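In what follows, a single structure is set out as structure tokens and then discussed.
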2 protein chains.
Amino acid sequence: MTSLPKAGEPGEVDAAGPPRRTGRRRGPSATQHDIVAAARKLFAEHGYRGATMRAIAAEANVDAALIHHFFTSKEGVFAAAMEDAFPPPDAIAHVVVGGLDGLAERLVRFFLGLWERPDTREPLLAVMRSAVSYDEAARMLGEFVTGRILGTITATIEQPDPELRAALIGSQLVGLAMIRYVIKVEPLASASTDTVVAALVPTVDRYLTGSFHPTRS
Amino acid sequence: MTSLPKAGEPGEVDAAGPPRRTGRRRGPSATQHDIVAAARKLFAEHGYRGATMRAIAAEANVDAALIHHFFTSKEGVFAAAMEDAFPPPDAIAHVVVGGLDGLAERLVRFFLGLWERPDTREPLLAVMRSAVSYDEAARMLGEFVTGRILGTITATIEQPDPELRAALIGSQLVGLAMIRYVIKVEPLASASTDTVVAALVPTVDRYLTGSFHPTRS
């Protein structure tokens, strides 16, 4: 949240989608990158459980011992694939810049931007598909999305229950990804992004700022 | 939608959850029921792709040829498991009775009721887990939920774009099931049903009756 690579206008995100990645975070080697790409491919094709460390090693053309050296375990490989599929923290900073005013729309448009662009959609689809077939991977993905991504956003707005707000926003956005991009249910799959924005922004806005205390005893 | 087994008050659903199933629809034989139960178990454990017809036959203690006879294909077995996991049409009729007034709350409470009760949650978890690991099963599940269940509801309320409304409601409810019941993200996983109702009912209500025409050109 502290370093912004460019002086970005908040509106920039809306118009152009998420900023392009200009480099790898934490500078992993080409080999590490190959392993993550191979893992993502096999996770997507065979699910988390079906993708063995040995098959990932073969796909990446490396020795399995090297994967253990870099990532310790399959969970470690999955965590790296997951982190690689989501935008870096400085991209999320662009969403938060500008404060609560218009935040819901910036967030929804940012999320849609990730899924509309083939180069960012493919890794997201891969981690989502592998996660839902295996509890531990699903838990890691859920905590990553609601905690590290949405939690970072709701923590900045000084409203009560930031974790509940993050989880509610996560429930709508994960469900949208499932219905529109994974299962492709019509007419939502081919609705314009502006229609989706018109439908979802008031929902996300209420999850950011509304009150959820039950009215009945 | 035409036959109601009892004269149900609309409010009955809110208080007691979905009505209990008192019999099997279409009267399948005990063997068919065994096959569906075995398939559900293996789909949940190994995903749609991992559960072979031969393994389902072994689990159900029947000859594989009998499964082909009853269900034609694995898709057919999955369709039967899916239909079995969801409430029968007359239960959905209880949600619709009473019209648009309070419909969003009846629908959300009905959905939560299905997931809160272990005997109805387990089959739902099984079909959801198997579906998300395989595109064809996911498509079948998505079309069943948004078309046959939610579509039935939105078709009754005489609003424009009933299919889009059904898909939007589906996106929120499927996402809630993922985050609260499958991935179990806190604090949403242990939030009271009344808190979830307070959060989700205005969302579902707006998807039932709101306008999603983009305000910008």
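Ordered as shown in the structure tokens, chains take letters A, B, and onward, while each chain numbers its residues from 1 and ligands are numbered from 1 in the order shown.
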*May I have the residues within 10 Å of Asn61 of chain A as a list in words, using only C-alpha atoms and disregarding those fewer than 2 positions away in the same chain?*
Thr31, Asp34, Ile35, Ala38, Ala55, Ile56, Ala57, Ala58, Glu59, Asp63 and Ala64 of chain A
Generate the output file for the selected residues, N, CA and C atoms, as an mmCIF file, in the first residue's frame.
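Output file again-v3.cif is given in full below:
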```cif
data_model
loop_
_atom_site.group_PDB
_atom_site.id
_atom_site.type_symbol
_atom_site.label_atom_id
_atom_site.label_comp_id
_atom_site.auth_asym_id
_atom_site.auth_seq_id
_atom_site.Cartn_x
_atom_site.Cartn_y
_atom_site.Cartn_z
ATOM 1 N N THR A 31 13.506 -20.172 -13.534
ATOM 2 C CA THR A 31 13.121 -21.532 -13.168
ATOM 3 C C THR A 31 11.899 -21.538 -12.256
ATOM 4 N N ASP A 34 8.967 -20.841 -14.281
ATOM 5 C CA ASP A 34 8.587 -22.016 -15.079
ATOM 6 C C ASP A 34 7.813 -23.021 -14.228
ATOM 7 N N ILE A 35 8.275 -23.213 -12.996
ATOM 8 C CA ILE A 35 7.608 -24.178 -12.112
ATOM 9 C C ILE A 35 6.181 -23.720 -11.806
ATOM 10 N N ALA A 38 4.022 -24.182 -14.845
ATOM 11 C CA ALA A 38 3.725 -25.609 -15.041
ATOM 12 C C ALA A 38 2.678 -26.079 -14.027
ATOM 13 N N ALA A 55 4.731 -34.695 -11.704
ATOM 14 C CA ALA A 55 4.207 -34.241 -12.993
ATOM 15 C C ALA A 55 4.536 -32.764 -13.216
ATOM 16 N N ILE A 56 4.472 -31.970 -12.137
ATOM 17 C CA ILE A 56 4.818 -30.545 -12.257
ATOM 18 C C ILE A 56 6.289 -30.408 -12.652
ATOM 19 N N ALA A 57 7.139 -31.213 -12.019
ATOM 20 C CA ALA A 57 8.571 -31.173 -12.339
ATOM 21 C C ALA A 57 8.807 -31.527 -13.808
ATOM 22 N N ALA A 58 8.118 -32.578 -14.280
ATOM 23 C CA ALA A 58 8.285 -32.999 -15.671
ATOM 24 C C ALA A 58 7.817 -31.898 -16.617
ATOM 25 N N GLU A 59 6.668 -31.292 -16.300
ATOM 26 C CA GLU A 59 6.116 -30.224 -17.144
ATOM 27 C C GLU A 59 7.061 -29.019 -17.206
ATOM 28 N N ASP A 63 14.141 -30.953 -11.946
ATOM 29 C CA ASP A 63 14.128 -32.075 -11.015
ATOM 30 C C ASP A 63 13.126 -31.775 -9.890
ATOM 31 N N ALA A 64 12.371 -32.794 -9.461
ATOM 32 C CA ALA A 64 11.380 -32.573 -8.407
ATOM 33 C C ALA A 64 12.027 -32.018 -7.133
#
```
*Can you pull out every residue within 10 Å of segment 73-76 of chain A, counting only C-alpha atoms, but drop anything in the same chain fewer than 4 positions away, and send it as a ChimeraX atom specification?*
/A:39,48-49,51-53,56,67-69,80-82,136-137,140
_If the cut-off is 6 Å, can you tell me the residues of chain B near chain A, counting only C-alpha atoms? I'd like them as number ranges by chain._
B: 129, 133, 138-139, 164, 171-172, 174-176, 179, 183, 187-188, 194-195, 198-199, 203, 212-214
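Of the listed residues (B:Leu124, B:Ala155, B:Val201, B:Ala85), B:Val201 comes nearest to Leu103 of chain B; the distances count only C-alpha atoms.
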_One number please: atom CA of Tyr181 of chain A to atom CA of Pro87 of chain A, in Å, one decimal._
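About the pair atom CA of Tyr181 of chain A and atom CA of Pro87 of chain A: they are 17.9 Å apart.
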*Skipping near chain neighbours, those fewer than 4 positions away, what residues fall within 10 Å of Ile157 of chain A using only C-alpha atoms, listed as a list in words?*
Val96, Gly99, Leu100, Leu103, Thr152, Ile153, Pro162, Leu208 and Thr209 of chain A
_Secondary structure check, alpha helix (DSSP H) residues of segment 25-167 of chain B, as JSON, numbers by chain_ = {"B": [30, 31, 32, 33, 34, 35, 36, 37, 38, 39, 40, 41, 42, 43, 44, 45, 46, 47, 48, 49, 50, 53, 54, 55, 56, 57, 58, 59, 60, 64, 65, 66, 67, 68, 69, 70, 71, 74, 75, 76, 77, 78, 79, 80, 81, 82, 83, 84, 85, 89, 90, 91, 92, 93, 94, 95, 96, 103, 104, 105, 106, 107, 108, 109, 110, 111, 112, 113, 114, 115, 116, 118, 119, 120, 121, 122, 123, 124, 125, 126, 127, 128, 129, 130, 131, 132, 135, 136, 137, 138, 139, 140, 141, 142, 143, 151, 152, 153, 154, 162, 163, 164, 165, 166, 167]}
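Distance-wise, atom CA of Ala91 of chain A and atom CA of Val77 of chain A end up 23.0 Å apart.
When atom CA of Ala37 of chain B is paired with atom CA of Ile92 of chain B, their separation reads 23.0 Å.
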